[in-house]
file final.csv (CSV, C-alpha atoms and all ligand atoms)
chain,number,residue,atom,x,y,z
A,1249,MET,CA,116.9,87.9,13.0
A,1250,GLU,CA,115.0,89.9,15.6
A,1251,SER,CA,111.5,89.3,14.5
A,1252,SER,CA,108.8,89.8,17.1
A,1253,SER,CA,107.7,86.8,19.0
A,1254,ALA,CA,104.1,85.9,20.0
A,1255,VAL,CA,105.3,84.7,23.4
A,1256,THR,CA,103.7,86.8,26.0
A,1257,HIS,CA,103.8,86.8,29.8
A,1258,ASP,CA,100.0,87.0,30.1
A,1259,LEU,CA,98.9,84.1,28.1
A,1260,THR,CA,95.3,84.6,27.4
A,1261,LEU,CA,93.8,84.1,23.9
A,1262,GLU,CA,93.1,87.8,23.8
A,1263,SER,CA,96.7,88.8,24.7
A,1264,VAL,CA,98.1,86.4,22.2
A,1265,LYS,CA,95.8,87.8,19.4
A,1266,GLU,CA,96.7,91.3,20.4
A,1267,GLU,CA,100.4,90.5,20.2
A,1268,ILE,CA,100.1,89.0,16.7
A,1269,TYR,CA,98.1,92.0,15.5
A,1270,SER,CA,100.7,94.3,16.9
A,1271,ARG,CA,103.4,92.7,14.9
A,1272,ASN,CA,101.8,94.3,11.8
A,1273,ASN,CA,103.2,91.7,9.5
A,1274,PRO,CA,102.0,92.7,6.1
A,1275,THR,CA,101.6,89.1,5.0
A,1276,LEU,CA,99.2,88.2,7.8
A,1277,THR,CA,95.6,89.2,7.3
A,1278,PRO,CA,93.0,89.3,10.1
A,1279,ILE,CA,91.6,86.2,8.5
A,1280,ASP,CA,94.9,84.3,9.1
A,1281,ILE,CA,95.2,85.7,12.6
A,1282,GLU,CA,91.6,84.9,13.7
A,1283,ALA,CA,91.9,81.4,12.1
A,1284,HIS,CA,95.1,80.5,14.0
A,1285,ALA,CA,95.2,82.5,17.2
A,1286,SER,CA,93.7,79.8,19.4
A,1287,THR,CA,96.2,77.2,18.1
A,1288,VAL,CA,99.1,79.7,18.7
A,1289,HIS,CA,97.7,80.3,22.2
A,1290,ARG,CA,97.5,76.6,23.1
A,1291,ILE,CA,101.1,76.0,21.7
A,1292,LEU,CA,102.5,78.8,23.8
A,1293,GLU,CA,100.6,77.7,26.9
A,1294,LEU,CA,102.0,74.1,26.6
A,1295,LYS,CA,105.5,75.4,25.6
A,1296,LYS,CA,105.7,77.3,28.8
A,1297,LYS,CA,104.2,74.6,31.0
A,1298,HIS,CA,106.7,72.0,29.8
A,1299,ASP,CA,109.6,74.3,29.2
A,1300,VAL,CA,109.9,73.3,25.6
A,1301,VAL,CA,112.5,74.9,23.3
A,1302,ILE,CA,111.0,75.6,19.9
A,1303,LEU,CA,113.7,76.3,17.4
A,1304,GLY,CA,112.5,78.2,14.3
A,1305,HIS,CA,114.4,78.5,11.0
A,1306,ASN,CA,114.2,81.9,9.2
A,1307,TYR,CA,112.2,80.2,6.5
A,1308,MET,CA,109.2,79.4,8.7
A,1309,GLU,CA,106.0,81.2,7.8
A,1310,PRO,CA,105.4,84.2,10.2
A,1311,LEU,CA,102.9,82.6,12.5
A,1312,VAL,CA,105.1,79.5,13.0
A,1313,PHE,CA,108.2,81.7,13.3
A,1314,GLY,CA,106.5,83.7,16.0
A,1315,ILE,CA,106.0,80.8,18.4
A,1316,SER,CA,109.8,80.7,18.8
A,1317,GLU,CA,111.3,83.3,21.0
A,1318,GLN,CA,113.9,85.6,19.5
A,1319,ASN,CA,116.8,83.6,20.8
A,1320,GLU,CA,115.3,80.5,19.4
A,1321,GLN,CA,115.1,81.9,15.8
A,1322,GLY,CA,117.9,81.9,13.2
A,1323,ASP,CA,119.8,80.3,10.4
A,1324,SER,CA,121.3,76.8,10.5
A,1325,LEU,CA,124.4,78.0,12.4
A,1326,ALA,CA,122.6,80.0,15.0
A,1327,LEU,CA,120.1,77.2,15.6
A,1328,SER,CA,122.9,74.6,16.0
A,1329,MET,CA,124.5,76.8,18.5
A,1330,THR,CA,121.3,77.4,20.4
A,1331,ALA,CA,120.7,73.6,20.4
A,1332,VAL,CA,124.0,73.1,22.2
A,1333,GLN,CA,123.1,75.6,24.9
A,1334,THR,CA,119.6,74.5,25.9
A,1335,ASP,CA,118.8,72.9,29.2
A,1336,SER,CA,115.2,71.8,28.3
A,1337,GLN,CA,114.4,68.2,27.9
A,1338,TYR,CA,112.3,68.8,24.8
A,1339,ILE,CA,113.4,70.5,21.6
A,1340,ILE,CA,110.9,71.0,18.8
A,1341,PHE,CA,112.7,71.9,15.6
A,1342,ASN,CA,110.7,73.9,13.1
A,1343,GLY,CA,112.8,73.4,10.1
A,1344,VAL,CA,113.7,70.4,8.0
A,1345,ARG,CA,114.8,67.0,9.1
A,1346,PHE,CA,118.6,67.4,8.6
A,1347,MET,CA,118.4,70.4,11.0
A,1348,ALA,CA,116.5,68.4,13.6
A,1349,GLU,CA,119.1,65.6,13.2
A,1350,THR,CA,121.9,68.1,13.9
A,1351,ALA,CA,120.1,69.2,17.1
A,1352,LYS,CA,119.8,65.5,18.1
A,1353,ILE,CA,123.5,64.8,17.4
A,1354,LEU,CA,124.4,67.8,19.6
A,1355,ASN,CA,121.9,66.7,22.3
A,1356,PRO,CA,121.8,62.9,22.3
A,1357,GLU,CA,120.2,62.8,25.7
A,1358,LYS,CA,117.3,65.2,24.8
A,1359,THR,CA,114.1,64.5,23.0
A,1360,VAL,CA,114.2,66.2,19.6
A,1361,LEU,CA,111.0,66.4,17.8
A,1362,ILE,CA,109.9,67.6,14.3
A,1363,ALA,CA,106.3,68.2,13.2
A,1364,ASP,CA,106.8,66.3,10.0
A,1365,LYS,CA,109.6,63.8,9.6
A,1366,THR,CA,109.1,63.8,5.8
A,1367,ALA,CA,110.3,67.4,5.6
A,1368,GLY,CA,113.4,66.7,3.5
A,1369,CYS,CA,115.8,68.9,1.5
A,1370,SER,CA,116.9,68.3,-2.1
A,1371,LEU,CA,120.6,68.7,-1.1
A,1372,ALA,CA,120.4,66.1,1.7
A,1373,ASP,CA,118.1,63.7,-0.1
A,1374,ASP,CA,120.2,63.5,-3.2
A,1375,PHE,CA,123.5,62.7,-1.5
A,1376,SER,CA,124.7,59.7,0.4
A,1377,ALA,CA,127.5,58.4,2.6
A,1378,GLN,CA,128.7,56.3,-0.3
A,1379,ASP,CA,129.1,59.4,-2.4
A,1380,VAL,CA,131.5,60.8,0.2
A,1381,ARG,CA,133.4,57.5,0.3
A,1382,ASN,CA,133.7,57.6,-3.6
A,1383,LEU,CA,135.2,61.1,-3.5
A,1384,LYS,CA,137.6,60.2,-0.7
A,1385,GLU,CA,138.8,57.3,-2.9
A,1386,LYS,CA,139.3,59.7,-5.8
A,1387,TYR,CA,141.1,62.3,-3.8
A,1388,PRO,CA,143.0,60.5,-1.0
A,1389,GLY,CA,144.2,62.6,1.8
A,1390,VAL,CA,142.1,65.7,0.9
A,1391,PRO,CA,139.9,66.9,3.8
A,1392,VAL,CA,136.2,66.8,3.2
A,1393,MET,CA,133.9,69.7,4.3
A,1394,ILE,CA,130.2,68.9,4.3
A,1395,TYR,CA,127.4,71.4,4.1
A,1396,ILE,CA,125.1,71.1,7.1
A,1397,ASN,CA,122.3,70.4,4.5
A,1398,SER,CA,123.1,66.7,4.6
A,1399,TYR,CA,122.1,63.6,6.6
A,1400,ALA,CA,124.0,62.2,9.6
A,1401,GLU,CA,125.3,59.2,7.7
A,1402,ALA,CA,127.0,61.4,5.1
A,1403,LYS,CA,128.3,63.8,7.8
A,1404,ALA,CA,129.8,60.8,9.6
A,1405,GLU,CA,132.3,60.3,6.7
A,1406,CYS,CA,133.6,63.9,6.7
A,1407,ASP,CA,136.2,66.0,8.5
A,1408,VAL,CA,134.3,69.2,9.1
A,1409,CYS,CA,130.8,70.5,8.7
A,1410,CYS,CA,129.9,74.1,7.7
A,1411,THR,CA,126.8,76.2,7.1
A,1412,SER,CA,126.3,79.1,4.7
A,1413,ALA,CA,127.4,81.4,7.5
A,1414,ASN,CA,130.9,80.0,8.0
A,1415,ALA,CA,131.8,77.9,4.9
A,1416,GLU,CA,134.3,80.5,3.5
A,1417,GLN,CA,136.0,81.0,6.8
A,1418,ILE,CA,136.3,77.3,7.6
A,1419,ALA,CA,137.5,76.4,4.1
A,1420,LEU,CA,140.4,78.8,4.6
A,1421,GLU,CA,141.2,77.5,8.0
A,1422,MET,CA,141.3,73.8,7.0
A,1423,PRO,CA,144.8,72.5,6.5
A,1424,GLY,CA,146.2,72.0,3.0
A,1425,ASP,CA,145.7,73.6,-0.4
A,1426,GLU,CA,142.8,71.5,-1.5
A,1427,LEU,CA,139.4,70.8,0.1
A,1428,ILE,CA,136.5,68.6,-1.0
A,1429,PHE,CA,133.1,70.3,-0.6
A,1430,VAL,CA,129.8,68.4,-0.7
A,1431,PRO,CA,127.0,68.1,-1.6
A,1432,ASP,CA,125.9,71.5,-3.1
A,1433,LEU,CA,127.3,71.9,-6.6
A,1434,PHE,CA,126.4,75.6,-6.9
A,1435,PHE,CA,127.7,76.4,-3.4
A,1436,ALA,CA,130.9,74.5,-4.3
A,1437,GLN,CA,131.3,76.6,-7.5
A,1438,ASN,CA,130.6,79.8,-5.6
A,1439,LEU,CA,133.3,78.9,-3.1
A,1440,GLU,CA,135.7,78.0,-5.9
A,1441,MET,CA,135.1,81.4,-7.4
A,1442,VAL,CA,135.5,83.3,-4.1
A,1443,LEU,CA,138.5,81.3,-2.9
A,1444,LYS,CA,140.4,81.4,-6.2
A,1445,GLY,CA,144.1,81.5,-5.6
A,1446,LYS,CA,143.7,80.7,-1.9
A,1447,LYS,CA,142.2,77.2,-1.8
A,1448,LYS,CA,141.3,74.7,-4.5
A,1449,ILE,CA,137.8,73.4,-4.1
A,1450,LEU,CA,137.0,69.9,-5.4
A,1451,TYR,CA,133.4,68.7,-5.7
A,1452,PRO,CA,131.3,66.0,-7.2
A,1453,GLY,CA,131.3,66.0,-11.0
A,1454,ASN,CA,131.7,64.1,-14.3
A,1455,ASP,CA,135.5,64.0,-14.0
A,1456,ASN,CA,135.3,62.1,-10.7
A,1457,GLY,CA,132.3,60.0,-11.5
A,1458,THR,CA,130.2,61.3,-8.6
A,1459,LYS,CA,126.9,63.2,-8.4
A,1460,GLY,CA,126.3,66.2,-6.2
A,1461,ALA,CA,123.0,68.0,-5.6
A,1462,VAL,CA,121.4,71.4,-5.9
A,1463,CYS,CA,118.8,73.2,-3.9
A,1464,GLN,CA,115.5,72.9,-5.6
A,1465,VAL,CA,114.5,76.4,-4.5
A,1466,HIS,CA,117.7,78.4,-5.2
A,1467,GLU,CA,118.3,76.8,-8.6
A,1468,LYS,CA,115.1,78.4,-9.8
A,1469,PHE,CA,116.6,81.9,-9.7
A,1470,SER,CA,118.2,82.7,-13.1
A,1471,LEU,CA,120.5,85.6,-14.0
A,1472,GLU,CA,117.7,86.9,-16.3
A,1473,ASP,CA,115.3,86.9,-13.3
A,1474,ILE,CA,117.7,88.8,-11.2
A,1475,LEU,CA,118.4,91.4,-13.9
A,1476,SER,CA,114.7,91.8,-14.5
A,1477,VAL,CA,114.1,92.4,-10.7
A,1478,ARG,CA,116.9,95.1,-10.9
A,1479,ARG,CA,115.1,96.8,-13.8
A,1480,THR,CA,111.5,96.5,-12.8
A,1481,PHE,CA,111.9,97.1,-9.1
A,1482,GLY,CA,114.6,99.8,-9.5
A,1483,ILE,CA,117.4,98.1,-7.6
A,1484,ASP,CA,120.3,99.8,-9.3
A,1485,ARG,CA,123.8,98.4,-9.1
A,1486,ASP,CA,126.2,100.0,-6.6
A,1487,SER,CA,123.4,101.8,-4.7
A,1488,GLU,CA,123.8,101.8,-0.9
A,1489,ASN,CA,120.1,101.9,-0.2
A,1490,ARG,CA,118.8,99.5,-2.8
A,1491,MET,CA,120.1,96.0,-2.4
A,1492,LEU,CA,120.0,92.7,-4.2
A,1493,TYR,CA,120.6,89.8,-1.7
A,1494,VAL,CA,121.5,86.3,-2.8
A,1495,HIS,CA,121.9,83.1,-0.8
A,1496,TRP,CA,125.1,81.0,-1.4
A,1497,GLU,CA,123.0,78.2,-2.8
A,1498,CYS,CA,122.2,80.2,-6.0
A,1499,LYS,CA,123.9,79.6,-9.3
A,1500,PRO,CA,127.4,81.3,-9.7
A,1501,GLU,CA,126.2,83.8,-12.3
A,1502,VAL,CA,123.4,84.9,-9.8
A,1503,LEU,CA,125.8,85.2,-6.9
A,1504,GLN,CA,128.1,87.3,-9.1
A,1505,GLU,CA,125.3,89.7,-9.7
A,1506,ALA,CA,124.5,90.1,-6.0
A,1507,ASP,CA,125.2,93.3,-4.0
A,1508,PHE,CA,125.5,91.0,-0.9
A,1509,TYR,CA,125.6,87.2,-0.5
A,1510,GLY,CA,125.5,85.2,2.7
A,1511,SER,CA,123.4,83.0,5.0
A,1512,THR,CA,119.8,83.9,5.8
A,1513,THR,CA,120.9,85.5,9.1
A,1514,GLN,CA,123.8,87.3,7.5
A,1515,ILE,CA,121.4,88.8,5.0
A,1516,SER,CA,119.1,89.9,7.8
A,1517,ASN,CA,122.0,91.4,9.7
A,1518,ASP,CA,123.1,93.4,6.7
A,1519,ILE,CA,119.6,94.8,6.2
A,1520,SER,CA,119.5,95.7,9.9
A,1521,ARG,CA,122.9,97.5,9.7
A,1522,ARG,CA,121.8,99.5,6.6
A,1523,VAL,CA,118.5,100.4,8.2
A,1524,ARG,CA,120.3,101.7,11.3
A,1525,ASN,CA,122.8,103.6,9.3
A,1526,GLY,CA,120.3,105.8,7.6
A,1527,GLY,CA,118.0,103.8,5.5
A,1528,LEU,CA,117.7,101.0,3.1
A,1529,GLU,CA,114.9,101.8,0.7
A,1530,LYS,CA,114.4,98.7,-1.4
A,1531,ALA,CA,115.5,95.1,-1.3
A,1532,PHE,CA,115.1,91.8,-3.0
A,1533,ILE,CA,116.3,88.5,-1.6
A,1534,ALA,CA,116.9,85.5,-3.9
A,1535,SER,CA,115.9,82.9,-1.4
A,1536,GLU,CA,112.9,81.2,0.2
A,1537,CYS,CA,110.0,83.6,0.2
A,1538,GLU,CA,109.0,83.3,3.9
A,1539,LEU,CA,112.4,84.8,4.8
A,1540,THR,CA,111.2,88.0,3.2
A,1541,SER,CA,107.8,87.7,4.9
A,1542,ASN,CA,109.6,87.7,8.3
A,1543,LEU,CA,112.0,90.5,7.3
A,1544,MET,CA,109.0,92.7,6.1
A,1545,GLU,CA,107.8,92.5,9.7
A,1546,GLU,CA,111.1,93.4,11.2
A,1547,PHE,CA,111.9,96.2,8.8
A,1548,PRO,CA,108.7,97.9,8.0
A,1549,THR,CA,110.4,100.9,6.4
A,1550,VAL,CA,112.0,98.8,3.7
A,1551,GLU,CA,110.1,98.0,0.5
A,1552,PHE,CA,110.7,94.4,-0.4
A,1553,ALA,CA,110.0,92.7,-3.7
A,1554,THR,CA,109.0,89.1,-3.4
A,1555,ALA,CA,109.0,86.0,-5.5
A,1556,CYS,CA,106.6,83.8,-3.6
A,1557,SER,CA,106.1,81.3,-6.4
A,1558,ILE,CA,109.5,80.1,-5.3
A,1559,ARG,CA,108.9,78.1,-2.1
A,1560,CYS,CA,110.6,75.3,-0.3
A,1561,SER,CA,108.0,72.6,-0.2
A,1562,HIS,CA,109.9,70.9,2.6
A,1563,MET,CA,109.9,73.9,4.9
A,1564,ALA,CA,106.3,74.5,4.1
A,1565,GLN,CA,105.3,71.2,5.6
A,1566,ILE,CA,105.9,72.6,9.1
A,1567,SER,CA,102.6,74.1,10.2
A,1568,LEU,CA,100.9,75.2,13.5
A,1569,ASP,CA,98.3,72.4,13.1
A,1570,LYS,CA,101.1,69.8,13.0
A,1571,ILE,CA,103.1,71.3,15.9
A,1572,ARG,CA,100.2,71.5,18.4
A,1573,PRO,CA,99.7,67.7,18.6
A,1574,ILE,CA,103.3,67.3,19.6
A,1575,LEU,CA,102.8,69.5,22.6
A,1576,GLU,CA,99.5,67.9,23.4
A,1577,ALA,CA,101.2,64.5,23.4
A,1578,ILE,CA,104.0,65.9,25.7
A,1579,ASP,CA,101.2,67.2,28.0
A,1580,SER,CA,99.3,63.9,28.2
A,1581,GLY,CA,102.5,61.8,28.4
A,1582,SER,CA,101.6,60.0,25.1
A,1583,ASP,CA,103.9,58.3,22.7
A,1584,LEU,CA,106.1,60.8,20.8
A,1585,SER,CA,107.7,58.4,18.3
A,1586,LYS,CA,105.7,59.9,15.4
A,1587,TRP,CA,107.8,63.1,15.8
A,1588,GLU,CA,110.9,62.0,17.6
A,1589,VAL,CA,114.2,62.1,15.7
A,1590,THR,CA,116.3,59.1,16.5
A,1591,LEU,CA,119.7,58.0,15.1
A,1592,PRO,CA,121.9,55.0,15.7
A,1593,GLU,CA,124.4,55.7,18.5
A,1594,LYS,CA,127.4,55.0,16.3
A,1595,ILE,CA,126.2,57.5,13.7
A,1596,VAL,CA,125.7,60.1,16.4
A,1597,GLN,CA,129.2,59.6,17.6
A,1598,ARG,CA,130.8,59.8,14.2
A,1599,ALA,CA,128.6,62.7,12.9
A,1600,SER,CA,129.2,64.8,16.0
A,1601,LYS,CA,132.9,65.1,15.2
A,1602,PRO,CA,132.6,67.3,12.0
A,1603,ILE,CA,129.8,69.3,13.7
A,1604,GLN,CA,131.8,69.9,16.8
A,1605,ARG,CA,134.8,70.9,14.7
A,1606,MET,CA,132.7,73.4,12.9
A,1607,LEU,CA,131.4,74.9,16.2
A,1608,SER,CA,135.0,75.1,17.5
A,1609,PHE,CA,135.7,77.4,14.5
A,1610,SER,CA,132.6,79.4,15.0
A,1611,SER,CA,132.9,80.2,18.7
B,1701,LIG,P1,120.8,79.2,6.2
B,1701,LIG,O1,121.7,78.4,7.0
B,1701,LIG,O2,121.4,80.3,5.6
B,1701,LIG,O3,119.6,79.6,7.1
B,1701,LIG,O4,120.2,78.3,5.0
B,1701,LIG,C1,119.7,77.0,5.2
B,1701,LIG,C2,119.0,76.6,4.0
B,1701,LIG,O5,118.4,75.6,3.9
B,1701,LIG,C3,119.0,77.5,2.8
B,1701,LIG,O6,118.2,77.1,1.8
B,1702,LIG,FE1,116.9,72.4,1.3
B,1702,LIG,FE2,116.7,74.3,-0.5
B,1702,LIG,FE3,114.7,73.8,1.1
B,1702,LIG,FE4,117.0,75.0,2.0
B,1702,LIG,S1,115.5,75.8,0.6
B,1702,LIG,S2,115.8,73.3,3.0
B,1702,LIG,S3,118.5,73.9,0.7
B,1702,LIG,S4,115.5,72.4,-0.4
call {"tool": "encode", "arguments": {"input": "final.csv", "output": "structure tokens"}}
result
Amino acid sequence: MESSSAVTHDLTLESVKEEIYSRNNPTLTPIDIEAHASTVHRILELKKKHDVVILGHNYMEPLVFGISEQNEQGDSLALSMTAVQTDSQYIIFNGVRFMAETAKILNPEKTVLIADKTAGCSLADDFSAQDVRNLKEKYPGVPVMIYINSYAEAKAECDVCCTSANAEQIALEMPGDELIFVPDLFFAQNLEMVLKGKKKILYPGNDNGTKGAVCQVHEKFSLEDILSVRRTFGIDRDSENRMLYVHWECKPEVLQEADFYGSTTQISNDISRRVRNGGLEKAFIASECELTSNLMEEFPTVEFATACSIRCSHMAQISLDKIRPILEAIDSGSDLSKWEVTLPEKIVQRASKPIQRMLSFSS
């Protein structure tokens, strides 16, 4: 995503404020900007002073998103790739804990920090390494692909990792006619539908006595909701300039109704392409609401409908007021353990294999 960033060369409070106002993000009022500008200023000052990389997931609220430079923003895949390339000693991950863990696995020598270690994810939280072992016992010899939305212990049991940006491609490239996909049940069913006749997707369920998980945000979008957005907001089917975007984590009947489905960055890229090619008029995205807040800023000519009652409570835990103390602690040389992501060395070694294998497909 190419959202503006609040990082300026001339870091005075006034210049930072000016830059935020100039972004013209329709979801930011002058009240928000005045209330947070000095915190943004201090964060950017310390970020620069200590050469801290601040990775920002597309779901961060606009002021938090803006403290990451453009090349530090993105979806789970882009952020994993950026995490590999960084030379900085400190990485602050503005996203949820499994994402920060992935950055740590890829940079075991670096200090990876997250503003709130309790920022979980229903997919990762409801799935364990034992669940993978149970499935492997049920389907011996079948490779296991694990969605990046999982914790390191579960990844350590798997053959390859994927994100929503590369799951379809990697599933096809994995050897054999069958593939176990965990932990997201809707994503698995969506892959099953899309790959029908090409690859058999196995996943947790009653017939194999295991339990998968669903995203607590994306499960809230029903087919009725989507059809009503089409009707009331005028997003006609098969219209080039009115688009209904859906994330892979939505239910199969919702994905089937989409004009486009993909990762958060793939959705953003499709919007960008359509805007460049003569105009996208209206769009609705069945995903976390702050993604739309950031896209509204980037594409001011597009009219977006929003569903901001649907929020990821985990992503929302990452705030400017929780990020600033991390940078203050770096500055004063204080203890960082409250924010530092640590993992047992053995888990890092084992979990890095499926992640590295994923990156080898993606590069
Ligand atoms: P992306 O990888 O598409 O950014 O998605 C991550 C996520 O958590 C979606 O809910
Ligand atoms: Fe997890 Fe869903 Fe939140 Fe993404 S939106 S972090 S999948 S709970």
call {"tool": "residues_around", "arguments": {"input": "final.csv", "residues": "Leu1420 in chain A", "least_positions_apart": "2", "cutoff": "12 Å", "atoms": "all atoms listed in the file", "output": "PyMOL selection string"}}
result
chain A and resi 1391+1393+1410+1414-1418+1422-1427+1439-1440+1442-1449+1609
call {"tool": "closest_residue", "arguments": {"input": "final.csv", "among": "A:Val1344, A:Ala1285, A:Val1430, A:Leu1568", "to": "ligand LIG 1702 (chain B)", "atoms": "all atoms listed in the file"}}
result
A:Val1344
call {"tool": "residues_near_ligand", "arguments": {"input": "final.csv", "ligand": "ligand LIG 1701 (chain B)", "cutoff": "10 Å", "atoms": "only C-alpha atoms and all ligand atoms", "output": "ChimeraX atom specification"}}
result
/A:1305-1307,1322-1328,1343-1344,1346-1347,1369-1372,1395-1397,1410-1414,1463-1466,1495-1498,1510-1515,1535-1536,1539,1560,1562-1563
call {"tool": "residues_around", "arguments": {"input": "final.csv", "residues": "Pro1278 in chain A", "least_positions_apart": "6", "cutoff": "10 Å", "atoms": "all atoms listed in the file", "output": "PyMOL selection string"}}
result
chain A and resi 1265+1268-1269+1284
call {"tool": "closest_residue", "arguments": {"input": "final.csv", "among": "A:Val1477, A:Ala1367, A:Leu1294, A:Ile1315", "to": "ligand LIG 1702 (chain B)", "atoms": "all atoms listed in the file"}}
result
A:Ala1367
call {"tool": "atom_distance", "arguments": {"input": "final.csv", "atom1": "CA of Ile1428 in chain A", "atom2": "CA of Ala1351 in chain A"}}
result
24.4 Å
call {"tool": "atom_distance", "arguments": {"input": "final.csv", "atom1": "CA of His1289 in chain A", "atom2": "CA of Ile1574 in chain A"}}
result
14.4 Å
call {"tool": "closest_residue", "arguments": {"input": "final.csv", "among": "A:Leu1383, A:Leu1261, A:Ile1394, A:Leu1471", "to": "Gly1453 in chain A", "atoms": "all atoms listed in the file"}}
result
A:Leu1383
call {"tool": "residues_around", "arguments": {"input": "final.csv", "residues": "Ser1520 in chain A", "least_positions_apart": "2", "cutoff": "12 Å", "atoms": "only C-alpha atoms", "output": "number ranges by chain"}}
result
A: 1249-1251, 1489, 1513-1518, 1522-1529, 1531, 1543-1544, 1546-1550
call {"tool": "closest_residue", "arguments": {"input": "final.csv", "among": "A:Asn1382, A:Asn1355, A:Ser1541, A:Thr1554", "to": "Gln1597 in chain A", "atoms": "all atoms listed in the file"}}
result
A:Asn1355
call {"tool": "closest_residue", "arguments": {"input": "final.csv", "among": "A:Met1606, A:Met1308, A:Ala1553, A:Ala1363", "to": "ligand LIG 1702 (chain B)", "atoms": "only C-alpha atoms and all ligand atoms"}}
result
A:Met1308
call {"tool": "atom_distance", "arguments": {"input": "final.csv", "atom1": "CA of Glu1405 in chain A", "atom2": "CA of Pro1356 in chain A"}}
result
19.0 Å
call {"tool": "closest_residue", "arguments": {"input": "final.csv", "among": "A:Val1589, A:Ala1564, A:Leu1354, A:Ala1599", "to": "Phe1313 in chain A", "atoms": "all atoms listed in the file"}}
result
A:Ala1564
call {"tool": "residues_around", "arguments": {"input": "final.csv", "residues": "Arg1598 in chain A", "least_positions_apart": "4", "cutoff": "8 Å", "atoms": "all atoms listed in the file", "output": "PyMOL selection string"}}
result
chain A and resi 1403-1405+1594
call {"tool": "residues_around", "arguments": {"input": "final.csv", "residues": "Lys1586 in chain A", "least_positions_apart": "6", "cutoff": "12 Å", "atoms": "only C-alpha atoms", "output": "ChimeraX atom specification"}}
result
/A:1360-1366,1570-1571,1573-1574,1577
call {"tool": "decode", "arguments": {"input": "final.csv", "residues": "range 1598-1602 of chain A", "atoms": "all heavy atoms", "output": "PDB file, in the first residue's frame"}}
result
ATOM      1  N   ARG A1598      13.219 -24.563  14.222  1.00  0.00           N
ATOM      2  CA  ARG A1598      12.240 -25.429  13.533  1.00  0.00           C
ATOM      3  C   ARG A1598      11.195 -24.609  12.783  1.00  0.00           C
ATOM      4  O   ARG A1598      10.785 -24.972  11.683  1.00  0.00           O
ATOM      5  CB  ARG A1598      11.570 -26.362  14.552  1.00  0.00           C
ATOM      6  CG  ARG A1598      12.544 -27.401  15.121  1.00  0.00           C
ATOM      7  CD  ARG A1598      11.851 -28.354  16.069  1.00  0.00           C
ATOM      8  NE  ARG A1598      10.801 -29.111  15.402  1.00  0.00           N
ATOM      9  CZ  ARG A1598       9.668 -29.477  15.984  1.00  0.00           C
ATOM     10  NH1 ARG A1598       9.437 -29.168  17.247  1.00  0.00           N
ATOM     11  NH2 ARG A1598       8.762 -30.147  15.324  1.00  0.00           N
ATOM     12  N   ALA A1599      10.764 -23.493  13.385  1.00  0.00           N
ATOM     13  CA  ALA A1599       9.712 -22.684  12.737  1.00  0.00           C
ATOM     14  C   ALA A1599      10.267 -21.907  11.553  1.00  0.00           C
ATOM     15  O   ALA A1599       9.512 -21.502  10.660  1.00  0.00           O
ATOM     16  CB  ALA A1599       9.085 -21.739  13.756  1.00  0.00           C
ATOM     17  N   SER A1600      11.584 -21.695  11.541  1.00  0.00           N
ATOM     18  CA  SER A1600      12.131 -20.901  10.431  1.00  0.00           C
ATOM     19  C   SER A1600      12.090 -21.695   9.120  1.00  0.00           C
ATOM     20  O   SER A1600      12.016 -21.124   8.040  1.00  0.00           O
ATOM     21  CB  SER A1600      13.538 -20.401  10.741  1.00  0.00           C
ATOM     22  OG  SER A1600      14.461 -21.396  10.495  1.00  0.00           O
ATOM     23  N   LYS A1601      12.105 -23.024   9.206  1.00  0.00           N
ATOM     24  CA  LYS A1601      12.123 -23.831   7.964  1.00  0.00           C
ATOM     25  C   LYS A1601      10.888 -23.597   7.099  1.00  0.00           C
ATOM     26  O   LYS A1601      11.019 -23.261   5.925  1.00  0.00           O
ATOM     27  CB  LYS A1601      12.307 -25.316   8.307  1.00  0.00           C
ATOM     28  CG  LYS A1601      13.732 -25.599   8.750  1.00  0.00           C
ATOM     29  CD  LYS A1601      13.989 -27.068   8.952  1.00  0.00           C
ATOM     30  CE  LYS A1601      15.354 -27.231   9.617  1.00  0.00           C
ATOM     31  NZ  LYS A1601      15.421 -28.332  10.550  1.00  0.00           N
ATOM     32  N   PRO A1602       9.651 -23.771   7.648  1.00  0.00           N
ATOM     33  CA  PRO A1602       8.483 -23.517   6.780  1.00  0.00           C
ATOM     34  C   PRO A1602       8.382 -22.060   6.315  1.00  0.00           C
ATOM     35  O   PRO A1602       7.898 -21.797   5.204  1.00  0.00           O
ATOM     36  CB  PRO A1602       7.286 -23.896   7.666  1.00  0.00           C
ATOM     37  CG  PRO A1602       7.806 -23.997   9.061  1.00  0.00           C
ATOM     38  CD  PRO A1602       9.260 -24.319   8.961  1.00  0.00           C
TER      39      PRO A1602
END
